[in-house]
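A.B. asks: Structure supplied as final.csv; contents: CSV, C-alpha atoms.
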```
chain,number,residue,atom,x,y,z
A,198,VAL,CA,-0.8,-18.0,5.9
A,199,VAL,CA,-2.0,-17.2,9.5
A,200,THR,CA,-1.9,-13.4,9.6
A,201,ARG,CA,-3.3,-10.8,7.2
A,202,VAL,CA,-1.4,-10.4,4.0
A,203,GLN,CA,-0.8,-6.6,3.6
A,204,TRP,CA,1.2,-6.4,0.4
A,205,MET,CA,1.6,-8.2,-2.9
A,206,VAL,CA,4.0,-7.5,-5.8
A,207,LYS,CA,4.7,-9.1,-9.1
A,208,ASN,CA,8.3,-9.5,-10.4
A,209,PRO,CA,8.4,-7.4,-13.7
A,210,ALA,CA,11.4,-9.4,-14.9
A,211,THR,CA,9.7,-12.8,-14.2
A,212,PRO,CA,6.0,-12.0,-14.3
A,213,ALA,CA,4.9,-15.4,-13.0
A,214,GLU,CA,6.7,-14.7,-9.7
A,215,VAL,CA,4.5,-13.1,-7.1
A,216,TYR,CA,5.5,-12.1,-3.6
A,217,ALA,CA,3.3,-11.5,-0.5
A,218,LEU,CA,4.1,-10.0,2.9
A,219,ASP,CA,1.9,-10.6,5.9
A,220,SER,CA,1.5,-8.5,9.0
A,221,ALA,CA,3.9,-10.7,11.0
A,222,GLY,CA,6.7,-10.0,8.5
A,223,LYS,CA,6.7,-13.3,6.7
A,224,VAL,CA,7.4,-13.4,3.0
A,225,TYR,CA,5.6,-15.8,0.7
A,226,LYS,CA,6.6,-16.6,-2.9
A,227,SER,CA,4.6,-18.0,-5.8
A,228,ALA,CA,6.2,-19.1,-9.1
A,229,ASP,CA,2.9,-19.7,-10.8
A,230,SER,CA,1.0,-16.4,-10.7
A,231,GLY,CA,-0.5,-17.1,-7.3
A,232,ALA,CA,-1.8,-20.7,-7.8
A,233,THR,CA,0.6,-22.1,-5.2
A,234,TRP,CA,2.7,-20.5,-2.5
A,235,ALA,CA,5.7,-21.2,-0.3
A,236,LEU,CA,7.1,-19.5,2.8
A,237,MET,CA,10.5,-18.0,2.0
A,238,THR,CA,13.3,-19.0,4.4
A,239,GLY,CA,16.5,-17.0,5.2
A,240,PHE,CA,14.4,-14.0,6.1
A,241,THR,CA,14.7,-14.2,9.9
A,242,ALA,CA,14.8,-10.5,10.9
A,243,GLY,CA,11.2,-10.6,12.3
A,244,GLY,CA,9.1,-7.5,13.0
A,245,HIS,CA,6.0,-6.5,11.1
A,246,GLY,CA,5.2,-6.6,7.4
A,247,ASN,CA,5.3,-2.8,6.8
A,248,GLY,CA,6.1,-2.6,3.1
A,249,LEU,CA,7.1,-4.5,0.0
A,250,ALA,CA,8.6,-3.5,-3.4
A,251,ILE,CA,10.8,-4.8,-6.3
A,252,TRP,CA,13.5,-2.6,-7.7
A,253,LYS,CA,16.5,-3.4,-9.9
A,254,ASN,CA,15.7,-7.2,-9.6
A,255,TYR,CA,15.8,-7.0,-5.8
A,256,LEU,CA,13.0,-7.6,-3.4
A,257,PHE,CA,12.8,-4.9,-0.6
A,258,VAL,CA,10.9,-5.7,2.6
A,259,ALA,CA,10.3,-3.0,5.2
A,260,ARG,CA,9.8,-3.8,8.8
A,261,ASP,CA,9.7,-1.5,11.9
A,262,ALA,CA,13.0,0.3,11.5
A,263,TYR,CA,14.9,-1.5,8.7
A,264,LEU,CA,14.9,-2.4,5.1
A,265,ASP,CA,15.8,-6.0,4.2
A,266,VAL,CA,16.8,-6.9,0.7
A,267,CYS,CA,16.8,-10.2,-1.3
A,268,GLY,CA,18.3,-10.9,-4.7
A,269,ASP,CA,21.6,-11.2,-6.6
A,270,GLY,CA,20.8,-8.8,-9.4
A,271,SER,CA,19.5,-11.4,-11.9
A,272,ALA,CA,15.9,-11.8,-13.0
A,273,THR,CA,15.6,-15.0,-11.0
A,274,GLY,CA,17.8,-14.1,-8.1
A,275,ILE,CA,15.2,-13.5,-5.5
A,276,ALA,CA,15.8,-16.7,-3.6
A,277,ASN,CA,16.1,-18.0,0.0
A,278,ALA,CA,19.9,-17.9,-0.1
A,279,ASN,CA,20.1,-14.2,-1.1
A,280,TRP,CA,18.8,-12.3,1.9
A,281,THR,CA,20.6,-9.3,3.4
A,282,ASN,CA,18.7,-8.6,6.6
A,283,SER,CA,18.9,-5.1,8.3
A,284,TRP,CA,20.4,-3.7,5.1
A,285,LYS,CA,19.5,-0.1,5.9
A,286,ALA,CA,18.0,1.7,8.9
A,287,ILE,CA,14.9,3.8,8.4
A,288,ASP,CA,12.8,5.9,10.8
A,289,SER,CA,10.7,3.6,12.9
A,290,ASP,CA,6.9,3.0,12.4
A,291,VAL,CA,5.5,-0.2,13.6
A,292,LEU,CA,2.6,-0.2,11.1
A,293,TRP,CA,3.3,1.2,7.6
A,294,HIS,CA,6.3,1.7,5.3
A,295,PRO,CA,4.7,2.0,1.9
A,296,MET,CA,7.0,1.9,-1.1
A,297,LEU,CA,6.9,3.0,-4.7
A,298,VAL,CA,9.2,2.8,-7.7
A,299,SER,CA,8.9,6.2,-9.4
A,300,LYS,CA,8.0,6.4,-13.1
A,301,ASN,CA,9.5,9.9,-13.2
A,302,ASP,CA,13.1,9.2,-12.0
A,303,ASN,CA,13.2,5.4,-11.4
A,304,LYS,CA,14.1,5.8,-7.7
A,305,LEU,CA,12.7,3.8,-4.9
A,306,TYR,CA,10.7,5.9,-2.4
A,307,GLY,CA,9.2,4.9,0.9
A,308,GLY,CA,7.4,6.3,3.9
A,309,ALA,CA,8.8,6.0,7.4
A,310,GLY,CA,6.8,7.9,10.0
A,311,LYS,CA,6.9,11.5,9.0
A,312,TYR,CA,9.9,11.0,6.6
A,313,VAL,CA,10.3,9.8,3.0
A,314,TYR,CA,13.4,7.8,2.2
A,315,SER,CA,14.8,7.3,-1.2
A,316,LEU,CA,17.2,4.9,-3.0
A,317,ASP,CA,18.9,5.8,-6.3
A,318,GLU,CA,21.4,3.9,-8.5
A,319,VAL,CA,24.6,5.8,-9.1
A,320,SER,CA,25.0,6.8,-12.8
A,321,GLY,CA,27.1,4.4,-14.7
A,322,GLN,CA,26.9,1.8,-12.0
A,323,THR,CA,24.8,-1.4,-11.5
A,324,PHE,CA,23.1,-1.5,-8.1
A,325,VAL,CA,24.6,-4.0,-5.7
A,326,PRO,CA,23.4,-3.8,-2.1
A,327,ALA,CA,26.8,-4.8,-0.7
A,328,THR,CA,28.7,-2.1,-2.8
A,329,ALA,CA,28.1,1.4,-1.4
A,330,GLY,CA,29.5,3.1,-4.5
A,331,THR,CA,26.6,1.8,-6.6
A,332,PHE,CA,23.8,3.6,-4.9
A,333,THR,CA,22.7,6.6,-2.9
A,334,PHE,CA,20.4,6.0,0.1
A,335,THR,CA,18.8,9.0,1.8
A,336,ALA,CA,16.9,8.1,5.0
A,337,GLN,CA,15.2,11.5,5.3
A,338,ALA,CA,14.8,12.8,1.8
A,339,LEU,CA,11.6,14.6,2.9
A,340,ASP,CA,10.4,15.7,6.4
A,341,LEU,CA,6.7,16.2,7.1
A,342,PRO,CA,5.3,18.2,10.1
A,343,PRO,CA,5.4,16.5,13.5
A,344,ASN,CA,3.0,13.7,14.4
A,345,TYR,CA,2.2,12.8,10.8
A,346,ARG,CA,2.6,9.1,9.8
A,347,ILE,CA,2.8,8.2,6.1
A,348,LYS,CA,0.5,5.3,5.2
A,349,CYS,CA,0.4,5.3,1.4
A,350,VAL,CA,2.3,6.8,-1.5
A,351,GLU,CA,1.5,7.3,-5.2
A,352,GLU,CA,2.6,9.6,-8.0
A,353,LEU,CA,0.4,12.2,-9.7
A,354,GLY,CA,2.2,14.0,-12.6
A,355,ASN,CA,5.6,14.9,-11.3
A,356,ASN,CA,4.7,14.8,-7.7
A,357,LEU,CA,5.0,12.1,-5.1
A,358,MET,CA,1.8,12.1,-3.1
A,359,CYS,CA,2.1,11.1,0.6
A,360,GLY,CA,-1.1,10.0,2.3
A,361,THR,CA,-1.0,10.5,6.0
A,362,TRP,CA,-2.8,10.0,9.3
A,363,GLN,CA,-2.1,10.8,13.0
A,364,GLY,CA,-2.5,8.9,16.3
A,365,THR,CA,-2.1,5.3,17.4
A,366,ASN,CA,-5.5,4.1,16.5
A,367,LEU,CA,-7.4,5.0,13.3
A,368,TYR,CA,-10.1,6.7,15.3
A,369,ASP,CA,-7.8,8.8,17.4
A,370,LEU,CA,-7.7,12.0,15.3
A,371,ARG,CA,-9.7,13.4,12.4
A,372,VAL,CA,-6.7,14.3,10.3
A,373,ALA,CA,-6.3,13.3,6.6
A,374,ASP,CA,-3.8,15.2,4.6
A,375,ILE,CA,-2.0,14.3,1.3
A,376,PHE,CA,1.4,16.0,1.0
A,377,PRO,CA,2.7,16.5,-2.6
A,378,TRP,CA,6.4,16.6,-3.2
A,379,ASP,CA,8.2,17.2,-6.5
A,380,ARG,CA,11.1,14.9,-5.4
A,381,SER,CA,13.7,17.7,-5.6
A,382,SER,CA,12.6,20.6,-3.4
A,383,THR,CA,13.6,20.7,0.2
A,384,SER,CA,10.0,20.7,1.3
A,385,PHE,CA,6.5,19.7,0.2
A,386,GLY,CA,3.8,21.6,-1.6
A,387,GLN,CA,0.3,22.7,-0.4
A,388,PRO,CA,-1.4,19.7,1.2
A,389,ILE,CA,-4.7,18.3,0.1
A,390,THR,CA,-6.9,18.2,3.3
A,391,MET,CA,-10.0,16.1,4.0
A,392,ASN,CA,-12.1,16.0,7.1
A,393,GLU,CA,-11.5,12.3,7.8
A,394,ASN,CA,-9.7,9.9,10.1
A,395,GLY,CA,-6.7,9.3,7.9
A,396,VAL,CA,-5.7,8.7,4.3
A,397,HIS,CA,-5.5,4.9,3.8
A,398,GLY,CA,-5.0,4.2,0.1
A,399,LEU,CA,-4.0,6.0,-3.1
A,400,ARG,CA,-4.1,5.1,-6.8
A,401,THR,CA,-3.7,7.2,-10.0
A,402,ILE,CA,-5.7,6.3,-13.1
A,403,ASN,CA,-5.7,8.6,-16.1
A,404,GLN,CA,-4.1,11.4,-14.2
A,405,THR,CA,-6.7,11.3,-11.5
A,406,LEU,CA,-5.8,10.4,-7.9
A,407,TYR,CA,-8.3,8.1,-6.2
A,408,ILE,CA,-8.2,8.2,-2.4
A,409,LEU,CA,-9.5,5.9,0.3
A,410,ALA,CA,-10.0,7.9,3.4
A,411,GLY,CA,-11.7,7.9,6.8
A,412,LEU,CA,-13.7,5.2,8.7
A,413,GLU,CA,-17.1,5.6,7.0
A,414,GLY,CA,-16.3,4.0,3.6
A,415,ARG,CA,-15.7,7.1,1.5
A,416,VAL,CA,-13.8,7.4,-1.7
A,417,TYR,CA,-12.4,10.7,-3.1
A,418,ARG,CA,-10.7,11.8,-6.3
A,419,SER,CA,-8.3,14.6,-6.8
A,420,ASP,CA,-6.6,16.6,-9.5
A,421,GLY,CA,-3.7,17.3,-7.1
A,422,VAL,CA,-5.1,20.5,-5.7
A,423,SER,CA,-8.4,19.6,-4.0
A,424,ALA,CA,-10.3,16.4,-3.3
A,425,THR,CA,-14.0,15.6,-4.0
A,426,ALA,CA,-16.0,12.7,-2.5
A,427,VAL,CA,-17.3,10.4,-5.3
A,428,ALA,CA,-18.6,7.4,-3.4
A,429,GLN,CA,-19.5,6.0,0.0
A,430,ILE,CA,-20.4,2.5,1.1
A,431,PRO,CA,-24.0,2.8,2.1
A,432,GLN,CA,-24.9,2.0,5.7
A,433,SER,CA,-27.8,0.0,4.3
A,434,ILE,CA,-25.1,-2.4,3.2
A,435,ALA,CA,-22.5,-1.9,5.9
A,436,ASP,CA,-24.0,-0.9,9.3
A,437,ILE,CA,-21.3,1.1,11.1
A,438,SER,CA,-23.4,2.2,14.1
A,439,GLY,CA,-22.4,1.6,17.7
A,440,GLY,CA,-18.7,2.4,17.3
A,441,LYS,CA,-18.0,0.1,14.3
A,442,TYR,CA,-16.1,1.4,11.3
A,443,LEU,CA,-14.9,0.4,7.9
A,444,ALA,CA,-11.1,-0.1,7.3
A,445,TYR,CA,-9.0,0.3,4.2
A,446,TYR,CA,-5.5,-1.1,3.7
A,447,PRO,CA,-2.9,0.7,1.6
A,448,GLY,CA,-2.1,-2.4,-0.5
A,449,ALA,CA,-5.8,-3.0,-1.3
A,450,ILE,CA,-6.4,-0.4,-4.1
A,451,ILE,CA,-5.5,-1.1,-7.7
A,452,ASN,CA,-6.1,-0.1,-11.4
A,453,PHE,CA,-8.0,-3.1,-12.9
A,454,LYS,CA,-10.0,-3.1,-16.1
A,455,SER,CA,-9.5,0.7,-16.3
A,456,ARG,CA,-11.3,1.2,-13.1
A,457,VAL,CA,-10.4,1.7,-9.4
A,458,PHE,CA,-10.9,-1.5,-7.4
A,459,PHE,CA,-10.5,-1.5,-3.6
A,460,GLY,CA,-11.0,-3.7,-0.6
A,461,VAL,CA,-13.4,-2.8,2.2
A,462,SER,CA,-12.7,-4.4,5.6
A,463,GLY,CA,-14.4,-4.6,9.0
A,464,GLY,CA,-12.7,-2.3,11.6
A,465,GLY,CA,-11.8,-3.2,15.1
A,466,THR,CA,-11.4,-6.6,16.9
A,467,ALA,CA,-14.2,-9.1,16.6
A,468,THR,CA,-16.3,-6.6,14.6
A,469,THR,CA,-18.9,-8.0,12.2
A,470,ILE,CA,-19.9,-5.6,9.4
A,471,ASP,CA,-21.8,-6.9,6.5
A,472,GLY,CA,-20.8,-5.7,3.0
A,473,CYS,CA,-17.1,-6.3,3.2
A,474,GLY,CA,-15.4,-7.3,0.0
A,475,VAL,CA,-13.9,-5.9,-3.2
A,476,TYR,CA,-15.7,-2.9,-4.8
A,477,SER,CA,-15.2,-0.8,-7.9
A,478,ILE,CA,-16.4,2.5,-9.1
A,479,ASP,CA,-17.7,3.0,-12.7
A,480,PHE,CA,-17.9,6.7,-13.8
A,481,THR,CA,-20.7,7.0,-16.4
A,482,SER,CA,-22.8,9.7,-18.0
A,483,ARG,CA,-25.6,8.6,-15.6
A,484,GLY,CA,-23.4,9.1,-12.5
A,485,ASN,CA,-20.9,7.2,-10.4
A,486,ILE,CA,-21.8,3.6,-10.0
A,487,LEU,CA,-20.4,1.8,-6.9
A,488,ILE,CA,-20.2,-2.0,-7.5
A,489,LEU,CA,-19.7,-4.8,-5.0
A,490,GLU,CA,-17.6,-6.9,-7.3
A,491,HIS,CA,-16.4,-9.8,-5.2
A,492,GLY,CA,-16.9,-11.6,-1.9
A,493,ILE,CA,-14.4,-14.0,-0.5
A,494,SER,CA,-14.5,-17.7,-1.1
A,495,THR,CA,-15.9,-18.6,2.3
A,496,GLY,CA,-19.1,-16.7,1.3
A,497,ASN,CA,-18.8,-14.4,4.4
A,498,PHE,CA,-19.2,-10.7,3.7
A,499,GLY,CA,-18.5,-9.9,7.3
A,500,ALA,CA,-21.9,-10.8,8.8
A,501,THR,CA,-20.6,-13.7,10.9
A,502,THR,CA,-16.9,-12.9,11.6
A,503,THR,CA,-14.6,-10.1,10.7
A,504,VAL,CA,-13.6,-10.0,7.1
A,505,GLU,CA,-10.4,-8.1,6.0
A,506,ILE,CA,-9.2,-7.5,2.5
A,507,GLY,CA,-5.5,-6.8,3.0
A,508,ALA,CA,-4.1,-6.6,-0.6
A,509,LEU,CA,-5.1,-6.7,-4.2
A,510,LEU,CA,-2.9,-7.5,-7.2
A,511,PRO,CA,-3.7,-7.7,-11.0
A,512,VAL,CA,-2.1,-10.8,-12.5
A,513,THR,CA,-3.7,-10.8,-16.0
A,514,ARG,CA,-6.1,-8.6,-17.9
A,515,ASP,CA,-9.0,-10.6,-16.4
A,516,GLU,CA,-7.7,-11.9,-13.1
A,517,MET,CA,-6.6,-10.5,-9.8
A,518,LEU,CA,-5.3,-11.9,-6.6
A,519,ILE,CA,-7.3,-11.0,-3.4
A,520,ALA,CA,-5.6,-11.4,0.0
A,521,TRP,CA,-8.3,-11.9,2.6
A,522,ARG,CA,-8.8,-13.0,6.2
A,523,ASP,CA,-12.0,-14.4,7.7
A,524,GLY,CA,-12.1,-14.1,11.5
A,525,ASN,CA,-9.6,-12.8,14.0
A,526,THR,CA,-7.7,-16.1,14.7
```
Transcribe the structure of this file into structure tokens.

C.D. replies:
Amino acid sequence: VVTRVQWMVKNPATPAEVYALDSAGKVYKSADSGATWALMTGFTAGGHGNGLAIWKNYLFVARDAYLDVCGDGSATGIANANWTNSWKAIDSDVLWHPMLVSKNDNKLYGGAGKYVYSLDEVSGQTFVPATAGTFTFTAQALDLPPNYRIKCVEELGNNLMCGTWQGTNLYDLRVADIFPWDRSSTSFGQPITMNENGVHGLRTINQTLYILAGLEGRVYRSDGVSATAVAQIPQSIADISGGKYLAYYPGAIINFKSRVFFGVSGGGTATTIDGCGVYSIDFTSRGNILILEHGISTGNFGATTTVEIGALLPVTRDEMLIAWRDGNT
């Protein structure tokens, strides 16, 4: 792998199968829970690795303006011979198309710029990508206000929560809003607003939404109405003076051991910020405890070259996969 892995998913029908997507749009497959990996062939559409999900025994890969799909409908059909590239057009965003399979209605949802797209199986049919009568695809199921870009999606109760940002660079605009949508109304509910440079990651644990936001290493939690800061990476650990910043990636926040685990990366090009790695927050009667759980196997926490934690994935009760990059080349 030569570029940052941004997404990882496990196949629920074949749990030992794990898929990873890097920022160059290359898909990697592991048949042994991440012990060994192989580059998938047949996926030649190119572009960026904007999003990844498994739905109805098919692998969905999002790139700048299209969804590509791989599979034959069987539990083991996600194979090199079963790609359909440029299957559906979506609104373009060259960075992020996060996807989620809803626990509420079993639809596939994804973000594309300021739009949410949706995919539903027709009642009484079995989804087949080549058979239009088996599914309903809506490219613009929800429309957010102008200039917003969806970076992460999660569910809280009955709502789909859309974490957004604005600009071309993370530091362009101090806008960080989460738009809740009940998945049926023509528009969204009252946004949750934070004074940060973007919402970069969302995860729901025990009906509480955890939020990675901004460039200073802050973590929030929300009940769906408002957001409260619960932790921040101390500058005594990660010095972000002189224009440096901490970066979060939407695929690098998970529910693991009943706690929120998340990756902290150095922001910018050739930026060295010590303290990068995988953190957790433990909420106790004594207060919120922020824990630096794991460094990467090179032993670099960002002090010598840029460290990026692109994605996290639980594989067992006691083990997770950590997708990391050490250096800019």

A.B. asks: Tell me which of A:Gly524, A:Gly507, A:Leu305, A:Ala221 sits closest to Phe332 in chain A, counting all atoms listed in the file.

C.D. replies: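 Using all atoms listed in the file, Phe332 in chain A sits closest to A:Leu305.
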
A.B. asks: Just how far from CA of Ser220 in chain A is CA of Thr502 in chain A, in Å to one decimal?

C.D. replies: 19.1 Å

A.B. asks: Just want the 10 Å neighbourhood of range 368-380 of chain A, counted on all atoms listed in the file, with same-chain residues fewer than 6 positions away dropped. Output as an NGL selection string.

C.D. replies: :A and (299 or 301-302 or 304 or 306 or 313 or 315 or 338-339 or 341 or 345 or 347 or 349-362 or 386-397 or 399 or 408 or 410-412 or 421-424 or 440 or 442)

A.B. asks: Go through A:Trp234, A:Trp293, A:Tyr312, A:Phe498 one by one, measure the shortest atom-to-atom distance of each to Thr469 in chain A using all atoms listed in the file, and give the residue with the smallest value.

C.D. replies: A:Phe498

A.B. asks: Each residue of range 412-479 of chain A with at least one atom at most 12 Å from range 488-494 of chain A should appear once, together with its nearest atom pair and the corresponding distance in Å (one decimal); atoms considered: only C-alpha atoms; ordering: chain, then increasing residue number; output as a tab-separated table.

C.D. replies:
```
residue	atom	partner	partner_atom	distance
A:Ala428	CA	A:Ile488	CA	10.4
A:Gln429	CA	A:Ile488	CA	11.0
A:Ile430	CA	A:Leu489	CA	9.5
A:Pro431	CA	A:Leu489	CA	11.3
A:Ile434	CA	A:Leu489	CA	10.1
A:Ala435	CA	A:Leu489	CA	11.6
A:Phe453	CA	A:Glu490	CA	11.7
A:Arg456	CA	A:Ile488	CA	11.0
A:Val457	CA	A:Ile488	CA	10.6
A:Phe458	CA	A:Glu490	CA	8.6
A:Phe459	CA	A:Glu490	CA	9.7
A:Gly460	CA	A:His491	CA	9.4
A:Val461	CA	A:Leu489	CA	9.8
A:Ser462	CA	A:Gly492	CA	11.2
A:Asp471	CA	A:Gly492	CA	10.8
A:Gly472	CA	A:Leu489	CA	8.1
A:Cys473	CA	A:Gly492	CA	7.4
A:Gly474	CA	A:Gly492	CA	4.9
A:Val475	CA	A:His491	CA	5.0
A:Tyr476	CA	A:Leu489	CA	4.4
A:Ser477	CA	A:Ile488	CA	5.2
A:Ile478	CA	A:Ile488	CA	6.1
A:Asp479	CA	A:Ile488	CA	7.6
```

A.B. asks: What's the separation between CA of Asn208 in chain A and CA of Gly270 in chain A, in Å to one decimal place?

C.D. replies: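 Those two atoms sit 12.6 Å apart.
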
A.B. asks: Excluding His294 in chain A and residues on its chain fewer than 2 positions from it, collect all residues at most 12 Å away from it, counting all atoms listed in the file, and give them as a PDB file with C-alpha atoms, in the coordinates of the input.

C.D. replies:
```
ATOM      1  CA  GLN A 203      -0.800  -6.600   3.600  1.00  0.00           C
ATOM      2  CA  TRP A 204       1.200  -6.400   0.400  1.00  0.00           C
ATOM      3  CA  SER A 220       1.500  -8.500   9.000  1.00  0.00           C
ATOM      4  CA  HIS A 245       6.000  -6.500  11.100  1.00  0.00           C
ATOM      5  CA  GLY A 246       5.200  -6.600   7.400  1.00  0.00           C
ATOM      6  CA  ASN A 247       5.300  -2.800   6.800  1.00  0.00           C
ATOM      7  CA  GLY A 248       6.100  -2.600   3.100  1.00  0.00           C
ATOM      8  CA  LEU A 249       7.100  -4.500   0.000  1.00  0.00           C
ATOM      9  CA  ALA A 250       8.600  -3.500  -3.400  1.00  0.00           C
ATOM     10  CA  PHE A 257      12.800  -4.900  -0.600  1.00  0.00           C
ATOM     11  CA  VAL A 258      10.900  -5.700   2.600  1.00  0.00           C
ATOM     12  CA  ALA A 259      10.300  -3.000   5.200  1.00  0.00           C
ATOM     13  CA  ARG A 260       9.800  -3.800   8.800  1.00  0.00           C
ATOM     14  CA  ASP A 261       9.700  -1.500  11.900  1.00  0.00           C
ATOM     15  CA  ALA A 262      13.000   0.300  11.500  1.00  0.00           C
ATOM     16  CA  TYR A 263      14.900  -1.500   8.700  1.00  0.00           C
ATOM     17  CA  LEU A 264      14.900  -2.400   5.100  1.00  0.00           C
ATOM     18  CA  ILE A 287      14.900   3.800   8.400  1.00  0.00           C
ATOM     19  CA  ASP A 288      12.800   5.900  10.800  1.00  0.00           C
ATOM     20  CA  SER A 289      10.700   3.600  12.900  1.00  0.00           C
ATOM     21  CA  ASP A 290       6.900   3.000  12.400  1.00  0.00           C
ATOM     22  CA  VAL A 291       5.500  -0.200  13.600  1.00  0.00           C
ATOM     23  CA  LEU A 292       2.600  -0.200  11.100  1.00  0.00           C
ATOM     24  CA  MET A 296       7.000   1.900  -1.100  1.00  0.00           C
ATOM     25  CA  LEU A 297       6.900   3.000  -4.700  1.00  0.00           C
ATOM     26  CA  TYR A 306      10.700   5.900  -2.400  1.00  0.00           C
ATOM     27  CA  GLY A 307       9.200   4.900   0.900  1.00  0.00           C
ATOM     28  CA  GLY A 308       7.400   6.300   3.900  1.00  0.00           C
ATOM     29  CA  ALA A 309       8.800   6.000   7.400  1.00  0.00           C
ATOM     30  CA  GLY A 310       6.800   7.900  10.000  1.00  0.00           C
ATOM     31  CA  LYS A 311       6.900  11.500   9.000  1.00  0.00           C
ATOM     32  CA  TYR A 312       9.900  11.000   6.600  1.00  0.00           C
ATOM     33  CA  VAL A 313      10.300   9.800   3.000  1.00  0.00           C
ATOM     34  CA  TYR A 314      13.400   7.800   2.200  1.00  0.00           C
ATOM     35  CA  ARG A 346       2.600   9.100   9.800  1.00  0.00           C
ATOM     36  CA  ILE A 347       2.800   8.200   6.100  1.00  0.00           C
ATOM     37  CA  LYS A 348       0.500   5.300   5.200  1.00  0.00           C
ATOM     38  CA  CYS A 349       0.400   5.300   1.400  1.00  0.00           C
ATOM     39  CA  VAL A 350       2.300   6.800  -1.500  1.00  0.00           C
ATOM     40  CA  CYS A 359       2.100  11.100   0.600  1.00  0.00           C
ATOM     41  CA  GLY A 360      -1.100  10.000   2.300  1.00  0.00           C
ATOM     42  CA  THR A 361      -1.000  10.500   6.000  1.00  0.00           C
ATOM     43  CA  PRO A 447      -2.900   0.700   1.600  1.00  0.00           C
ATOM     44  CA  GLY A 448      -2.100  -2.400  -0.500  1.00  0.00           C
TER      45      GLY A 448
END
```

A.B. asks: Might you pull out every residue within 8 Å of Thr503 in chain A, with all atoms listed in the file counted and same-chain residues fewer than 4 positions away left off, and present them as a PyMOL selection string?

C.D. replies: chain A and resi 462-463+466-470+499+522-525

A.B. asks: Would you mind telling me which residue in A:Leu316, A:Ala336, A:Ala272, A:Val199 lies nearest to Ala286 in chain A when using only C-alpha atoms?

C.D. replies: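 Looking at the shortest contact to Ala286 in chain A, the residue is A:Ala336.
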
A.B. asks: Just how far from CA of Met517 in chain A is CA of Arg201 in chain A, in Å to one decimal?

C.D. replies: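 Pair CA of Arg201 in chain A / CA of Met517 in chain A returns 17.3 Å.
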
A.B. asks: Just want the 12 Å neighbourhood of Pro209 in chain A, counted on all atoms listed in the file, with same-chain residues fewer than 3 positions away dropped. Output as a PDB file with C-alpha atoms, in the coordinates of the input.

C.D. replies:
```pdb
ATOM      1  CA  VAL A 206       4.000  -7.500  -5.800  1.00  0.00           C
ATOM      2  CA  PRO A 212       6.000 -12.000 -14.300  1.00  0.00           C
ATOM      3  CA  ALA A 213       4.900 -15.400 -13.000  1.00  0.00           C
ATOM      4  CA  GLU A 214       6.700 -14.700  -9.700  1.00  0.00           C
ATOM      5  CA  VAL A 215       4.500 -13.100  -7.100  1.00  0.00           C
ATOM      6  CA  TYR A 216       5.500 -12.100  -3.600  1.00  0.00           C
ATOM      7  CA  ALA A 250       8.600  -3.500  -3.400  1.00  0.00           C
ATOM      8  CA  ILE A 251      10.800  -4.800  -6.300  1.00  0.00           C
ATOM      9  CA  TRP A 252      13.500  -2.600  -7.700  1.00  0.00           C
ATOM     10  CA  LYS A 253      16.500  -3.400  -9.900  1.00  0.00           C
ATOM     11  CA  ASN A 254      15.700  -7.200  -9.600  1.00  0.00           C
ATOM     12  CA  TYR A 255      15.800  -7.000  -5.800  1.00  0.00           C
ATOM     13  CA  LEU A 256      13.000  -7.600  -3.400  1.00  0.00           C
ATOM     14  CA  SER A 271      19.500 -11.400 -11.900  1.00  0.00           C
ATOM     15  CA  ALA A 272      15.900 -11.800 -13.000  1.00  0.00           C
ATOM     16  CA  THR A 273      15.600 -15.000 -11.000  1.00  0.00           C
ATOM     17  CA  VAL A 298       9.200   2.800  -7.700  1.00  0.00           C
ATOM     18  CA  VAL A 512      -2.100 -10.800 -12.500  1.00  0.00           C
TER      19      VAL A 512
END
```
